[in-house]
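A.B. asks: Here you go, this is final12.tsv (TSV, C-alpha atoms and all ligand atoms).
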chain	number	residue	atom	x	y	z
Y	1	MET	CA	0.00	0.00	0.00
Y	2	GLY	CA	1.45	3.37	-1.04
Y	3	THR	CA	0.94	6.62	0.82
Y	4	ILE	CA	-2.65	7.31	1.77
Y	5	LYS	CA	-4.19	10.25	-0.07
Y	6	SER	CA	-7.86	9.84	0.80
Y	7	ILE	CA	-9.90	8.45	3.67
Y	8	GLY	CA	-13.50	7.22	3.85
Y	9	ILE	CA	-15.43	7.48	7.14
Y	10	LEU	CA	-18.50	5.55	8.15
Y	11	THR	CA	-20.58	4.92	11.26
Y	12	SER	CA	-22.04	1.46	11.69
Y	13	GLY	CA	-24.23	-0.51	14.12
Y	14	GLY	CA	-26.19	1.30	16.83
Y	15	ASP	CA	-25.66	5.07	16.83
Y	16	ALA	CA	-23.96	6.61	19.86
Y	17	PRO	CA	-23.69	10.23	21.06
Y	18	GLY	CA	-20.23	11.51	20.12
Y	19	MET	CA	-20.11	9.81	16.73
Y	20	ASN	CA	-20.52	13.24	15.11
Y	21	ALA	CA	-17.59	14.61	17.10
Y	22	ALA	CA	-15.50	11.69	15.80
Y	23	ILE	CA	-16.63	12.28	12.18
Y	24	ARG	CA	-15.71	15.95	12.57
Y	25	ALA	CA	-12.28	15.16	14.03
Y	26	VAL	CA	-11.41	12.62	11.32
Y	27	THR	CA	-12.54	15.02	8.58
Y	28	ARG	CA	-10.71	18.05	9.92
Y	29	SER	CA	-7.52	16.12	10.81
Y	30	ALA	CA	-7.44	14.57	7.36
Y	31	ILE	CA	-7.93	17.93	5.63
Y	32	TYR	CA	-5.26	19.47	7.89
Y	33	ASN	CA	-2.87	16.78	6.66
Y	34	GLY	CA	-3.73	17.41	3.01
Y	35	LEU	CA	-5.87	14.28	2.57
Y	36	LYS	CA	-9.23	13.99	0.83
Y	37	VAL	CA	-12.16	12.77	2.92
Y	38	TYR	CA	-15.30	10.92	1.91
Y	39	GLY	CA	-18.39	10.49	4.07
Y	40	ILE	CA	-19.98	7.07	3.50
Y	41	TYR	CA	-23.68	6.97	4.38
Y	42	ARG	CA	-25.56	4.23	6.27
Y	43	GLY	CA	-22.46	2.33	7.35
Y	44	TYR	CA	-21.23	-0.51	5.14
Y	45	LYS	CA	-24.50	-0.29	3.24
Y	46	GLY	CA	-23.41	3.01	1.66
Y	47	LEU	CA	-20.10	1.48	0.69
Y	48	VAL	CA	-21.93	-1.32	-1.11
Y	49	THR	CA	-24.58	0.92	-2.72
Y	50	ASP	CA	-22.22	3.84	-3.43
Y	51	GLU	CA	-23.75	6.47	-1.12
Y	52	ILE	CA	-20.47	8.32	-0.87
Y	53	GLN	CA	-19.84	12.06	-0.78
Y	54	GLU	CA	-16.67	14.09	-0.57
Y	55	PHE	CA	-16.53	16.05	2.70
Y	56	LYS	CA	-15.04	19.49	3.16
Y	57	SER	CA	-14.51	21.17	6.51
Y	58	GLN	CA	-17.93	22.83	6.20
Y	59	ASN	CA	-19.71	19.45	5.99
Y	60	VAL	CA	-18.84	18.80	9.61
Y	61	SER	CA	-19.44	22.26	11.04
Y	62	ASN	CA	-22.09	22.67	13.75
Y	63	ILE	CA	-22.27	18.93	14.53
Y	64	ILE	CA	-20.02	18.43	17.57
Y	65	GLN	CA	-22.96	19.03	19.92
Y	66	MET	CA	-25.41	16.79	18.04
Y	67	GLY	CA	-26.43	13.27	19.04
Y	68	GLY	CA	-26.93	10.52	16.46
Y	69	THR	CA	-24.75	10.43	13.37
Y	70	ILE	CA	-24.96	12.76	10.37
Y	71	LEU	CA	-23.67	9.84	8.27
Y	72	LYS	CA	-26.65	7.70	9.37
Y	73	THR	CA	-26.02	4.12	10.35
Y	74	ALA	CA	-27.26	0.64	9.55
Y	75	ARG	CA	-26.63	-3.02	10.19
Y	76	CYS	CA	-25.76	-4.29	6.68
Y	77	LYS	CA	-26.49	-7.88	5.58
Y	78	GLU	CA	-24.87	-7.47	2.12
Y	79	PHE	CA	-21.49	-6.68	3.68
Y	80	THR	CA	-21.50	-10.06	5.45
Y	81	THR	CA	-21.29	-11.76	2.02
Y	82	PRO	CA	-18.11	-11.96	-0.16
Y	83	GLU	CA	-20.10	-10.47	-3.08
Y	84	GLY	CA	-21.20	-7.49	-0.98
Y	85	ARG	CA	-17.66	-6.82	0.18
Y	86	ALA	CA	-16.34	-7.09	-3.39
Y	87	GLN	CA	-18.88	-4.47	-4.45
Y	88	ALA	CA	-17.81	-2.27	-1.53
Y	89	TYR	CA	-14.19	-2.56	-2.65
Y	90	GLU	CA	-15.15	-1.64	-6.23
Y	91	ASN	CA	-16.82	1.53	-4.93
Y	92	MET	CA	-13.74	2.40	-2.89
Y	93	LYS	CA	-11.59	2.08	-6.00
Y	94	LYS	CA	-14.07	4.14	-8.03
Y	95	HIS	CA	-13.75	7.06	-5.58
Y	96	GLU	CA	-10.02	6.41	-5.08
Y	97	ILE	CA	-10.51	5.94	-1.35
Y	98	ASP	CA	-7.30	4.44	0.08
Y	99	ALA	CA	-8.30	3.77	3.68
Y	100	LEU	CA	-11.32	3.55	5.97
Y	101	VAL	CA	-12.14	4.82	9.44
Y	102	ILE	CA	-14.98	2.80	10.93
Y	103	ILE	CA	-16.83	4.07	13.98
Y	104	GLY	CA	-18.91	1.35	15.61
Y	105	GLY	CA	-19.16	-1.57	18.02
Y	106	ASP	CA	-17.65	-5.04	17.88
Y	107	GLY	CA	-19.83	-6.29	14.99
Y	108	SER	CA	-18.83	-3.29	12.87
Y	109	LEU	CA	-15.16	-3.63	13.74
Y	110	THR	CA	-15.27	-7.36	12.94
Y	111	GLY	CA	-16.57	-6.37	9.47
Y	112	ALA	CA	-13.59	-4.03	9.11
Y	113	ARG	CA	-11.17	-6.76	10.10
Y	114	ILE	CA	-12.52	-9.17	7.45
Y	115	PHE	CA	-12.56	-6.47	4.76
Y	116	ALA	CA	-8.99	-5.38	5.58
Y	117	GLN	CA	-7.77	-8.98	5.30
Y	118	GLU	CA	-9.61	-9.76	2.06
Y	119	PHE	CA	-8.73	-6.62	0.10
Y	120	ASP	CA	-5.65	-5.28	1.88
Y	121	VAL	CA	-7.53	-2.08	2.74
Y	122	PRO	CA	-5.98	-0.08	5.62
Y	123	CYS	CA	-8.65	0.31	8.30
Y	124	ILE	CA	-8.78	2.07	11.65
Y	125	GLY	CA	-11.60	1.33	14.09
Y	126	LEU	CA	-12.99	3.77	16.63
Y	127	PRO	CA	-15.06	2.23	19.45
Y	128	GLY	CA	-18.51	3.77	19.01
Y	129	THR	CA	-21.14	2.14	21.19
Y	130	ILE	CA	-22.97	3.08	24.36
Y	131	ASP	CA	-22.33	-0.43	25.74
Y	132	ASN	CA	-18.62	0.05	26.59
Y	133	ASP	CA	-18.05	-3.63	25.83
Y	134	LEU	CA	-14.86	-3.29	23.75
Y	135	TYR	CA	-11.44	-4.31	24.95
Y	136	GLY	CA	-8.58	-1.83	24.73
Y	137	THR	CA	-10.45	1.25	25.85
Y	138	ASP	CA	-11.71	2.37	29.23
Y	139	THR	CA	-14.61	4.15	27.60
Y	140	THR	CA	-16.32	3.86	24.23
Y	141	ILE	CA	-17.83	6.81	22.37
Y	142	GLY	CA	-21.37	7.37	23.68
Y	143	TYR	CA	-21.02	5.47	26.94
Y	144	ASP	CA	-20.70	8.54	29.17
Y	145	THR	CA	-23.67	10.31	27.59
Y	146	ALA	CA	-25.88	7.20	27.78
Y	147	MET	CA	-25.12	6.77	31.48
Y	148	ASN	CA	-25.87	10.42	32.19
Y	149	THR	CA	-29.14	10.18	30.27
Y	150	ALA	CA	-30.14	7.11	32.28
Y	151	VAL	CA	-29.25	8.73	35.60
Y	152	GLU	CA	-31.23	11.86	34.75
Y	153	ALA	CA	-34.27	9.72	33.94
Y	154	ILE	CA	-33.91	7.65	37.12
Y	155	ASP	CA	-33.64	10.80	39.26
Y	156	LYS	CA	-37.06	11.75	37.89
Y	157	LEU	CA	-38.40	8.26	38.44
Y	158	ARG	CA	-37.21	8.40	42.04
Y	159	ASP	CA	-39.49	11.38	42.76
Y	160	THR	CA	-42.62	9.47	41.83
Y	161	THR	CA	-41.38	6.14	43.26
Y	162	GLN	CA	-40.73	7.82	46.60
Y	163	SER	CA	-44.03	9.73	46.62
Y	164	HIS	CA	-46.00	6.50	46.16
Y	165	ASP	CA	-43.84	4.24	48.40
Y	166	ARG	CA	-43.28	2.04	45.35
Y	167	CYS	CA	-40.58	-0.17	43.93
Y	168	SER	CA	-39.25	0.76	40.47
Y	169	VAL	CA	-37.45	-1.85	38.42
Y	170	VAL	CA	-35.52	0.00	35.72
Y	171	GLU	CA	-34.04	-1.76	32.71
Y	172	VAL	CA	-31.01	-0.08	31.10
Y	173	MET	CA	-29.23	-0.92	27.84
Y	174	GLY	CA	-25.83	-2.56	27.42
Y	175	ARG	CA	-26.48	-5.68	25.38
Y	176	ASN	CA	-24.64	-8.48	27.26
Y	177	ALA	CA	-22.53	-6.16	29.36
Y	178	GLY	CA	-23.31	-4.55	32.71
Y	179	TYR	CA	-21.15	-1.40	32.49
Y	180	ILE	CA	-24.05	0.99	32.11
Y	181	ALA	CA	-26.13	-0.82	34.73
Y	182	LEU	CA	-23.42	-0.91	37.39
Y	183	ASN	CA	-22.37	2.73	37.05
Y	184	VAL	CA	-25.93	3.97	36.79
Y	185	ALA	CA	-26.91	1.95	39.90
Y	186	ILE	CA	-24.16	3.63	41.91
Y	187	ALA	CA	-24.86	7.10	40.55
Y	188	SER	CA	-28.62	6.89	41.05
Y	189	GLY	CA	-28.37	5.43	44.56
Y	190	ALA	CA	-30.20	2.24	43.60
Y	191	MET	CA	-30.91	-0.43	46.22
Y	192	ALA	CA	-29.85	-3.29	43.94
Y	193	VAL	CA	-28.42	-3.97	40.52
Y	194	LEU	CA	-28.76	-7.13	38.42
Y	195	LEU	CA	-25.84	-7.67	36.06
Y	196	PRO	CA	-25.42	-10.18	33.22
Y	197	GLU	CA	-21.94	-10.94	34.57
Y	198	LYS	CA	-23.31	-12.14	37.93
Y	199	GLU	CA	-25.76	-14.92	38.63
Y	200	PHE	CA	-28.92	-13.55	40.15
Y	201	ASP	CA	-30.97	-14.97	42.99
Y	202	MET	CA	-34.35	-13.33	43.63
Y	203	GLN	CA	-34.41	-14.07	47.35
Y	204	ARG	CA	-30.82	-13.09	48.13
Y	205	ASP	CA	-30.36	-10.18	45.71
Y	206	ILE	CA	-33.73	-8.50	45.97
Y	207	LEU	CA	-36.19	-9.76	48.58
Y	208	ASP	CA	-33.67	-9.98	51.44
Y	209	LYS	CA	-32.33	-6.56	50.49
Y	210	ILE	CA	-35.79	-5.03	50.49
Y	211	ALA	CA	-36.39	-6.50	53.97
Y	212	GLU	CA	-33.05	-5.10	55.21
Y	213	THR	CA	-33.79	-1.70	53.71
Y	214	GLN	CA	-37.27	-1.63	55.25
Y	215	LYS	CA	-35.64	-1.96	58.70
Y	216	THR	CA	-34.03	1.44	58.10
Y	217	GLY	CA	-37.48	2.94	57.58
Y	218	LYS	CA	-37.22	3.21	53.83
Y	219	ARG	CA	-40.39	2.67	51.82
Y	220	HIS	CA	-39.29	3.12	48.21
Y	221	PHE	CA	-36.85	1.03	46.21
Y	222	ILE	CA	-34.99	1.48	42.94
Y	223	ILE	CA	-33.64	-1.65	41.26
Y	224	ILE	CA	-31.52	-1.47	38.10
Y	225	VAL	CA	-31.64	-4.40	35.69
Y	226	ALA	CA	-29.18	-4.69	32.81
Y	227	GLU	CA	-30.91	-5.59	29.54
Y	228	GLY	CA	-28.69	-8.69	29.35
Y	229	VAL	CA	-30.58	-9.93	32.42
Y	230	GLY	CA	-33.91	-8.58	31.14
Y	231	HIS	CA	-37.41	-9.43	32.38
Y	232	ALA	CA	-37.92	-6.12	34.22
Y	233	GLN	CA	-41.71	-6.54	34.12
Y	234	GLU	CA	-41.56	-10.12	35.45
Y	235	ILE	CA	-39.20	-9.05	38.22
Y	236	ALA	CA	-41.52	-6.20	39.19
Y	237	ASN	CA	-44.51	-8.59	39.18
Y	238	GLU	CA	-42.70	-11.07	41.39
Y	239	ILE	CA	-41.61	-8.39	43.86
Y	240	GLN	CA	-45.19	-7.19	44.13
Y	241	ALA	CA	-46.53	-10.74	44.56
Y	242	ARG	CA	-44.00	-11.69	47.23
Y	243	THR	CA	-43.75	-8.44	49.23
Y	244	GLY	CA	-47.02	-6.65	48.59
Y	245	ILE	CA	-45.06	-3.52	47.56
Y	246	ASP	CA	-46.65	-1.72	44.63
Y	247	SER	CA	-44.05	-2.26	41.87
Y	248	ARG	CA	-43.53	-0.87	38.38
Y	249	ALA	CA	-41.18	-1.69	35.52
Y	250	THR	CA	-39.59	1.05	33.39
Y	251	ILE	CA	-37.58	0.19	30.29
Y	252	LEU	CA	-35.49	3.22	29.36
Y	253	GLY	CA	-34.73	1.81	25.88
Y	254	HIS	CA	-33.48	3.87	22.96
Y	255	VAL	CA	-33.80	7.18	24.77
Y	256	GLN	CA	-30.37	6.24	26.19
Y	257	ARG	CA	-28.84	6.38	22.72
Y	258	GLY	CA	-29.92	9.92	21.95
Y	259	GLY	CA	-29.10	13.42	23.07
Y	260	SER	CA	-26.25	15.86	22.94
Y	261	PRO	CA	-22.94	14.18	23.86
Y	262	THR	CA	-21.29	15.04	27.19
Y	263	LEU	CA	-17.99	16.89	27.31
Y	264	ARG	CA	-16.21	13.58	28.00
Y	265	ASP	CA	-17.69	11.91	24.91
Y	266	ARG	CA	-16.93	14.94	22.74
Y	267	VAL	CA	-13.31	15.10	23.90
Y	268	ASN	CA	-12.72	11.35	23.66
Y	269	ALA	CA	-14.35	11.13	20.22
Y	270	SER	CA	-12.35	14.13	18.98
Y	271	ALA	CA	-9.06	12.71	20.28
Y	272	MET	CA	-9.80	9.27	18.83
Y	273	GLY	CA	-10.74	10.75	15.44
Y	274	TYR	CA	-7.51	12.73	15.37
Y	275	GLN	CA	-5.53	9.62	16.32
Y	276	ALA	CA	-7.13	7.55	13.54
Y	277	VAL	CA	-5.71	9.95	10.97
Y	278	CYS	CA	-2.29	10.07	12.71
Y	279	LEU	CA	-2.07	6.26	12.59
Y	280	LEU	CA	-2.91	6.16	8.89
Y	281	GLU	CA	-0.34	8.90	8.23
Y	282	GLN	CA	2.27	6.85	10.11
Y	283	GLY	CA	1.46	3.71	8.08
Y	284	LYS	CA	0.01	1.94	11.16
Y	285	TYR	CA	-2.98	0.07	9.77
Y	286	ASN	CA	-5.71	-2.20	11.07
Y	287	ARG	CA	-5.72	-0.92	14.59
Y	288	ILE	CA	-8.38	0.12	17.06
Y	289	VAL	CA	-8.01	3.38	18.96
Y	290	GLY	CA	-8.94	3.66	22.63
Y	291	MET	CA	-8.57	5.79	25.74
Y	292	LYS	CA	-6.80	4.55	28.86
Y	293	GLY	CA	-7.54	7.18	31.46
Y	294	GLU	CA	-6.89	10.38	29.51
Y	295	LYS	CA	-4.28	8.83	27.22
Y	296	LEU	CA	-4.81	7.73	23.65
Y	297	VAL	CA	-3.83	4.12	22.95
Y	298	ASP	CA	-4.15	1.77	19.98
Y	299	TYR	CA	-4.17	-1.99	19.52
Y	300	PRO	CA	-4.11	-4.37	16.57
Y	301	VAL	CA	-7.69	-5.05	15.58
Y	302	ASP	CA	-7.18	-8.83	16.04
Y	303	GLU	CA	-6.06	-8.40	19.63
Y	304	ALA	CA	-8.81	-5.94	20.50
Y	305	LEU	CA	-11.56	-8.17	19.13
Y	306	GLU	CA	-10.27	-11.40	20.63
Y	307	MET	CA	-9.88	-10.07	24.17
Y	308	THR	CA	-12.75	-9.34	26.48
Y	309	LYS	CA	-12.85	-6.84	29.28
Y	310	SER	CA	-14.62	-7.24	32.56
Y	311	LEU	CA	-16.36	-5.16	35.19
Y	312	ASP	CA	-14.22	-3.72	37.95
Y	313	PRO	CA	-14.98	-5.95	41.00
Y	314	VAL	CA	-14.25	-3.00	43.30
Y	315	LEU	CA	-17.10	-1.04	41.71
Y	316	VAL	CA	-19.40	-4.04	42.24
Y	317	ASP	CA	-18.42	-3.96	45.94
Y	318	VAL	CA	-18.94	-0.21	46.09
Y	319	CYS	CA	-22.44	-0.67	44.75
Y	320	ASN	CA	-23.34	-3.51	47.14
Y	321	THR	CA	-21.81	-1.85	50.18
Y	322	ILE	CA	-23.55	1.50	49.94
Y	323	SER	CA	-26.87	0.46	48.46
Y	324	ILE	CA	-28.76	-0.04	51.74
H	401	LIG	O1	-25.20	-1.72	21.03
H	401	LIG	C1	-25.98	-0.62	21.39
H	401	LIG	C2	-27.39	-1.05	21.72
H	401	LIG	O2	-28.14	0.11	22.06
H	401	LIG	C3	-27.51	-2.10	22.83
H	401	LIG	O3	-27.39	-1.54	24.12
H	401	LIG	C4	-28.85	-2.69	22.53
H	401	LIG	O4	-28.90	-4.02	22.95
H	401	LIG	C5	-28.92	-2.63	21.01
H	401	LIG	O5	-27.99	-1.66	20.59
H	401	LIG	C6	-30.27	-2.29	20.46
H	401	LIG	O6	-30.20	-2.38	19.08
H	401	LIG	P1	-31.32	-1.85	18.06
H	401	LIG	O7	-31.21	-0.36	18.00
H	401	LIG	O8	-30.98	-2.50	16.78
H	401	LIG	O9	-32.64	-2.25	18.65
Could you write out this structure as structure tokens?
Ligand code: F6P
C.D. replies:
Amino acid sequence: MGTIKSIGILTSGGDAPGMNAAIRAVTRSAIYNGLKVYGIYRGYKGLVTDEIQEFKSQNVSNIIQMGGTILKTARCKEFTTPEGRAQAYENMKKHEIDALVIIGGDGSLTGARIFAQEFDVPCIGLPGTIDNDLYGTDTTIGYDTAMNTAVEAIDKLRDTTQSHDRCSVVEVMGRNAGYIALNVAIASGAMAVLLPEKEFDMQRDILDKIAETQKTGKRHFIIIVAEGVGHAQEIANEIQARTGIDSRATILGHVQRGGSPTLRDRVNASAMGYQAVCLLEQGKYNRIVGMKGEKLVDYPVDEALEMTKSLDPVLVDVCNTISI
């Protein structure tokens, strides 16, 4: 592969607040370095169907504060087939795009890895997902905003839960990971959290805790359930049946994916976008960018996708210790 003269950017999988900040940073860093930039619409789908547009600095102005993704996103079936990927490669050649920056979760970055291997296309992945379930980065783009959105909603829910002496069972997103659930449980002062990473026992983890909490005089209860555990309504029904406490289920759902990104997501996404272009300029290909604390890091895509990260056990203890 010769020197890179033009870069294509796409966002893929579930959208996440901060994706626009990343698109802006990649575009502006590339232009700063004298490279051409192409926005590819609807993730890999736009690469296959040729929804590709050259971006100038102005195309990414006034977007850093916006949630969602101006490039749109999709989960693309065609790109999972060799024919679809061949078509995508043809379109890259047609526009003379030398390299790709892919902003998305593990499914999207797995697509990048396969494409890079098959067609020798230099790719850089940026972790864009609210779930925070990617190895090699402390935080993914969108994670901070999603947690803040959930906490804001639960603060509101607490007002009505407390006024009615009720129990609220709140389901938060995260796919099979409990990062959002655990942090949100601590930050919202929940009485209990159910995580996909930990086996759950109704008696021990909820009913006994409610009984303990009642001894302190408390009459309202907030329980956070990660979507990987699920069944918020059934859990609420069972609590009501076994304790007599009026219980409600609230599924926060896609509201957690929207909204203006927090400062942390904007800064992380901007730094990661900048770093993607630096890596391509340095001839370092097929890597995933991350943040460790406030430092930018990068890993080979193979390593990042094969490793898994896990919840901090200390945070689990923090949550259990101060919840009653
Ligand atoms: O990966 C982000 C995420 O929001 C998960 O938390 C959730 O499980 C999933 O996407 C929902 O996907 P969809 O928007 O396709 O329903």
A.B. asks: Within 7 Å of (-20.2, 12.0, -0.6), in the coordinates the file gives, what residues turn up when you count only C-alpha atoms, written out as a PyMOL selection string?
C.D. replies: chain Y and resi 38-40+51-55
A.B. asks: I'd like the neighbourhood of Gly107 (chain Y) as a PyMOL selection string, where a residue qualifies if any of its atoms comes within 10 Å (using all atoms listed in the file), though same-chain residues fewer than 5 positions away should be ignored.
C.D. replies: chain Y and resi 12-13+75+112-113+305
A.B. asks: Each residue of region 83-171 of chain Y with at least one atom at most 9 Å from region 42-46 of chain Y should appear once, together with its nearest atom pair and the corresponding distance in Å (one decimal); atoms considered: all atoms listed in the file; ordering: chain, then increasing residue number; output as JSON lines.
C.D. replies:
{"residue": "Y:Gly84", "atom": "CA", "partner": "Y:Lys45", "partner_atom": "CA", "distance": 9.0}
{"residue": "Y:Arg85", "atom": "CA", "partner": "Y:Tyr44", "partner_atom": "CA", "distance": 8.8}
{"residue": "Y:Ala88", "atom": "CA", "partner": "Y:Tyr44", "partner_atom": "CA", "distance": 7.7}
{"residue": "Y:Ile102", "atom": "CA", "partner": "Y:Gly43", "partner_atom": "CA", "distance": 8.3}
{"residue": "Y:Ile103", "atom": "CA", "partner": "Y:Gly43", "partner_atom": "CA", "distance": 8.9}
{"residue": "Y:Ser108", "atom": "CA", "partner": "Y:Tyr44", "partner_atom": "CA", "distance": 8.6}
{"residue": "Y:Gly111", "atom": "CA", "partner": "Y:Tyr44", "partner_atom": "CA", "distance": 8.6}
A.B. asks: Can you work out which residues are within 7 Å of ligand LIG 401 (chain H), considering only C-alpha atoms and all ligand atoms, and then hand them over as a short mmCIF file (atom, residue, chain, number, x, y, z; two decimals) with C-alpha atoms, keeping the file's coordinate frame?
C.D. replies:
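And here is the file that came out, result-v2.cif:
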data_model
loop_
_atom_site.label_atom_id
_atom_site.label_comp_id
_atom_site.auth_asym_id
_atom_site.auth_seq_id
_atom_site.Cartn_x
_atom_site.Cartn_y
_atom_site.Cartn_z
CA GLY Y 14 -26.19 1.30 16.83
CA GLY Y 105 -19.16 -1.57 18.02
CA THR Y 129 -21.14 2.14 21.19
CA ILE Y 130 -22.97 3.08 24.36
CA ASP Y 131 -22.33 -0.43 25.74
CA MET Y 173 -29.23 -0.92 27.84
CA GLY Y 174 -25.83 -2.56 27.42
CA ARG Y 175 -26.48 -5.68 25.38
CA HIS Y 254 -33.48 3.87 22.96
CA ARG Y 257 -28.84 6.38 22.72
#
A.B. asks: Find the distance between CA of Ile141 (chain Y) and CA of Glu199 (chain Y) and write it in Å to one decimal.
C.D. replies: 28.3 Å
A.B. asks: Considering only C-alpha atoms, can you say which of Y:Ile97, Y:Ile186, Y:Met191, Y:Ile70 comes closest to Phe221 (chain Y)?
C.D. replies: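 Looking at the shortest contact to Phe221 (chain Y), the residue is Y:Met191.
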A.B. asks: With a distance cut-off of 10 Å and all atoms listed in the file, select the neighbouring residues of Asn237 (chain Y), excluding the residue or stretch itself and same-chain residues fewer than 6 positions from it, and output the selection as a PDB file with C-alpha atoms, keeping the file's coordinate frame.
C.D. replies:
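Ended up saving to out_26.pdb:
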ATOM      1  CA  VAL Y 169     -37.450  -1.850  38.420  1.00  0.00           C
ATOM      2  CA  HIS Y 231     -37.410  -9.430  32.380  1.00  0.00           C
ATOM      3  CA  GLY Y 244     -47.020  -6.650  48.590  1.00  0.00           C
ATOM      4  CA  ILE Y 245     -45.060  -3.520  47.560  1.00  0.00           C
ATOM      5  CA  ASP Y 246     -46.650  -1.720  44.630  1.00  0.00           C
ATOM      6  CA  SER Y 247     -44.050  -2.260  41.870  1.00  0.00           C
ATOM      7  CA  ARG Y 248     -43.530  -0.870  38.380  1.00  0.00           C
ATOM      8  CA  ALA Y 249     -41.180  -1.690  35.520  1.00  0.00           C
TER       9      ALA Y 249
END
A.B. asks: Can you tell me which residues surround Thr321 (chain Y) at a distance of at most 12 Å, considering all atoms listed in the file, apart from same-chain residues fewer than 6 positions away, and format the answer as a PyMOL selection string?
C.D. replies: chain Y and resi 186+189-193+209+314-315
A.B. asks: Quick one: pull the distance between CA of Tyr299 (chain Y) and CA of Arg287 (chain Y), Å, one decimal.
C.D. replies: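 Answer for the CA of Tyr299 (chain Y) to CA of Arg287 (chain Y) separation: 5.3 Å.
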A.B. asks: Write a file for region 9-26 of chain Y of the given structure; include N, CA and C atoms and format it as a PDB file, in the first residue's frame.
C.D. replies:
ATOM      1  N   ILE Y   9     -14.964   7.663   5.746  1.00  0.00           N
ATOM      2  CA  ILE Y   9     -15.433   7.483   7.145  1.00  0.00           C
ATOM      3  C   ILE Y   9     -16.836   6.926   7.104  1.00  0.00           C
ATOM      4  N   LEU Y  10     -17.114   6.005   8.011  1.00  0.00           N
ATOM      5  CA  LEU Y  10     -18.502   5.545   8.148  1.00  0.00           C
ATOM      6  C   LEU Y  10     -18.817   5.244   9.600  1.00  0.00           C
ATOM      7  N   THR Y  11     -20.106   5.328   9.930  1.00  0.00           N
ATOM      8  CA  THR Y  11     -20.581   4.921  11.259  1.00  0.00           C
ATOM      9  C   THR Y  11     -21.489   3.715  11.052  1.00  0.00           C
ATOM     10  N   SER Y  12     -21.344   2.720  11.924  1.00  0.00           N
ATOM     11  CA  SER Y  12     -22.045   1.459  11.686  1.00  0.00           C
ATOM     12  C   SER Y  12     -22.581   0.891  13.005  1.00  0.00           C
ATOM     13  N   GLY Y  13     -23.624   0.068  12.907  1.00  0.00           N
ATOM     14  CA  GLY Y  13     -24.235  -0.506  14.116  1.00  0.00           C
ATOM     15  C   GLY Y  13     -25.130   0.511  14.799  1.00  0.00           C
ATOM     16  N   GLY Y  14     -25.342   0.350  16.096  1.00  0.00           N
ATOM     17  CA  GLY Y  14     -26.188   1.297  16.830  1.00  0.00           C
ATOM     18  C   GLY Y  14     -25.518   2.664  16.909  1.00  0.00           C
ATOM     19  N   ASP Y  15     -26.274   3.739  16.715  1.00  0.00           N
ATOM     20  CA  ASP Y  15     -25.663   5.072  16.833  1.00  0.00           C
ATOM     21  C   ASP Y  15     -25.284   5.326  18.296  1.00  0.00           C
ATOM     22  N   ALA Y  16     -24.407   6.291  18.494  1.00  0.00           N
ATOM     23  CA  ALA Y  16     -23.965   6.614  19.856  1.00  0.00           C
ATOM     24  C   ALA Y  16     -23.602   8.097  19.893  1.00  0.00           C
ATOM     25  N   PRO Y  17     -24.007   8.800  20.976  1.00  0.00           N
ATOM     26  CA  PRO Y  17     -23.686  10.228  21.056  1.00  0.00           C
ATOM     27  C   PRO Y  17     -22.163  10.427  21.079  1.00  0.00           C
ATOM     28  N   GLY Y  18     -21.690  11.297  20.235  1.00  0.00           N
ATOM     29  CA  GLY Y  18     -20.233  11.513  20.123  1.00  0.00           C
ATOM     30  C   GLY Y  18     -19.723  11.042  18.773  1.00  0.00           C
ATOM     31  N   MET Y  19     -20.541  10.257  18.063  1.00  0.00           N
ATOM     32  CA  MET Y  19     -20.114   9.809  16.727  1.00  0.00           C
ATOM     33  C   MET Y  19     -19.858  11.023  15.826  1.00  0.00           C
ATOM     34  N   ASN Y  20     -20.710  12.051  15.957  1.00  0.00           N
ATOM     35  CA  ASN Y  20     -20.519  13.241  15.111  1.00  0.00           C
ATOM     36  C   ASN Y  20     -19.205  13.953  15.434  1.00  0.00           C
ATOM     37  N   ALA Y  21     -18.862  13.976  16.718  1.00  0.00           N
ATOM     38  CA  ALA Y  21     -17.592  14.612  17.104  1.00  0.00           C
ATOM     39  C   ALA Y  21     -16.429  13.841  16.474  1.00  0.00           C
ATOM     40  N   ALA Y  22     -16.559  12.516  16.408  1.00  0.00           N
ATOM     41  CA  ALA Y  22     -15.497  11.688  15.802  1.00  0.00           C
ATOM     42  C   ALA Y  22     -15.421  11.938  14.289  1.00  0.00           C
ATOM     43  N   ILE Y  23     -16.590  12.024  13.641  1.00  0.00           N
ATOM     44  CA  ILE Y  23     -16.626  12.284  12.185  1.00  0.00           C
ATOM     45  C   ILE Y  23     -15.946  13.632  11.906  1.00  0.00           C
ATOM     46  N   ARG Y  24     -16.274  14.602  12.731  1.00  0.00           N
ATOM     47  CA  ARG Y  24     -15.707  15.954  12.567  1.00  0.00           C
ATOM     48  C   ARG Y  24     -14.187  15.920  12.728  1.00  0.00           C
ATOM     49  N   ALA Y  25     -13.729  15.189  13.754  1.00  0.00           N
ATOM     50  CA  ALA Y  25     -12.282  15.158  14.027  1.00  0.00           C
ATOM     51  C   ALA Y  25     -11.528  14.437  12.910  1.00  0.00           C
ATOM     52  N   VAL Y  26     -12.085  13.345  12.414  1.00  0.00           N
ATOM     53  CA  VAL Y  26     -11.412  12.619  11.317  1.00  0.00           C
ATOM     54  C   VAL Y  26     -11.351  13.531  10.089  1.00  0.00           C
TER      55      VAL Y  26
END
